[in-house]
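Worksheet for the structure shown next.
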Amino acid sequence: MYDGDIASVLISEEQINQRTAELAEILAKRYPPSTDGDPDSDLLLIGVLKGAMMFMTDLARALPIPTQMEFMAVSSYGSSTSSSGVVRILKDLDRDIADRNVLIVEDIIDSGLTLSWLMRNLASRNPRSLEVCTLLRKPDAVRADLEVANVGFDIPNEFVVGYGLDFAERYRDLPYIGLLDPKVYSS
Ligand code: XMP
Ligand code: MG
């Protein structure tokens, strides 16, 4: 598949599975299931479309606690490979998150601009708690002064695809994270 487009595998399917299981174990301790029987007490995962979809579904299945799922789609103005921090909501949440324990599930934090905008936006809706779990984080993210409690992998500052991440909407279906061969975006 995609013959020659992927220069190398950065994170294998096995590594993703193993790390997701570790994160799920940590998160299950952080969010013990409530015993009050109220559905609103369940942890609410908010996946950021489209990149986080694979991680979101695998994480939800790895978590040994009840979770509910919502999705948001945002678009940051700027080029296809870097973000500007000006964010537009393409799809908002379907429900209120007031007084809910909310975990934003992200594919990748690069500059951190998208996420800090999203955190501010969601915080204004008064959730009980608001934290982030991201599969990947690039080195520039540390400059954004963002408290990200849960990170799958810190990766080098290179463009990656696969497992939800795309270039021109391709490669999301790969089961691993790979480095794109420069010939793909220079041709
Ligand atoms: P910021 O800079 O706001 O960017 O943290 C986050 C968003 O930028 C996209 N992004 C990537 N997408 N491979 C991708 O497929 C990458 O290496 C990459 N780096 C940043 C992504 O949409 C992410 O949500
Ligand atoms: Mg993208």
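Quick note on naming: the chains in the structure tokens go A, B, ... in the order shown, residues restart at 1 in each chain, and ligands are numbered from 1 in order of appearance.
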Notebook entry, point to check: Do you know which residues are at most 6 Å from A:Leu44 counting only C-alpha atoms, after dropping those on the same chain fewer than 6 positions away, and could you put them as an NGL selection string?
Noted result: :A and (67-69 or 102)
Selected residues written out, C-alpha atoms, as a compact mmCIF listing (two decimals), in the first residue's frame:
```txt
# COMPACT_ATOMS: atom_id res chain seq x y z
CA THR A 67 -16.67 6.41 28.68
CA GLN A 68 -18.88 8.49 26.43
CA MET A 69 -17.69 9.89 23.13
CA VAL A 102 -13.74 15.87 30.00
```
Margin query: With only C-alpha atoms as the counted atoms, please give the residues lying no more than 8 Å from A:Gly178, apart from itself and same-chain residues fewer than 4 positions off, as number ranges by chain.
Written below: A: 6-11, 160-162
Note to self: Give me, as a VMD selection string, the set of residues whose atoms come within 9 Å of any atom of ligand 2, counting only C-alpha atoms and all ligand atoms.
What the structure shows: chain A and resid 50 to 51 75 80 to 81 161 164 to 169
Margin query: Show me which residues line ligand 1, defined as having an atom within 7 Å of a ligand atom where only C-alpha atoms and all ligand atoms count, and present them as a PyMOL selection string.
Written below: chain A and resi 51+81-85+106-115+141+158-161+165-167
Note to self: For the strand (DSSP E or B) assignment from backbone DSSP, which residues of chain A qualify? Please present them as JSON, numbers by chain.
What the structure shows: {"A": [6, 7, 8, 9, 10, 11, 43, 44, 45, 46, 47, 48, 49, 67, 68, 69, 70, 71, 72, 73, 74, 75, 76, 87, 88, 89, 90, 91, 101, 102, 103, 104, 105, 106, 107, 108, 109, 129, 130, 131, 132, 133, 134, 135, 136, 137, 150, 151, 152, 153, 154, 160, 161, 162, 165, 167, 170, 177, 178, 179, 180]}
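For the pair atom CA of A:Arg100 and atom CA of A:Leu130, the interatomic distance is 8.5 Å.
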Next item on the list: For A:Met119, work out the shell of residues within 12 Å, counting only C-alpha atoms and skipping chain neighbours fewer than 5 positions away, then give it as a count of residues only.
Entry: 22
Next item on the list: Have a look at A:Ala62, A:Met1, A:Val142, A:Ala52 and name the one nearest to A:Ala28; count only C-alpha atoms.
Entry: A:Ala62
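Closest approach to A:Ala21 among A:Asp181, A:Leu93, A:Ala73, A:Pro64: A:Pro64, based on only C-alpha atoms.
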Note to self: Show me, as number ranges by chain, the residues that have an atom within 10 Å of A:Ala24 when counting only C-alpha atoms, minus same-chain residues fewer than 3 positions from it.
What the structure shows: A: 18-21, 27-30, 58-65, 150
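Going from atom CA of A:Arg88 to atom CA of A:Ala123 covers 16.6 Å.
Going from atom CA of A:Pro182 over to atom CA of A:Ile16, you cover 23.9 Å.
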Notebook entry, point to check: When DSSP works through the backbone of this structure, what residues of chain A end up as helix (DSSP H, G or I), shown as an NGL selection string?
Noted result: :A and (13-30 or 39-41 or 53-62 or 113-123 or 139-144 or 182-186)
Next item on the list: Would you mind telling me which residue in A:Leu122, A:Asp94, A:Asn17, A:Lys183 lies nearest to A:Met54 when using only C-alpha atoms?
Entry: A:Asn17
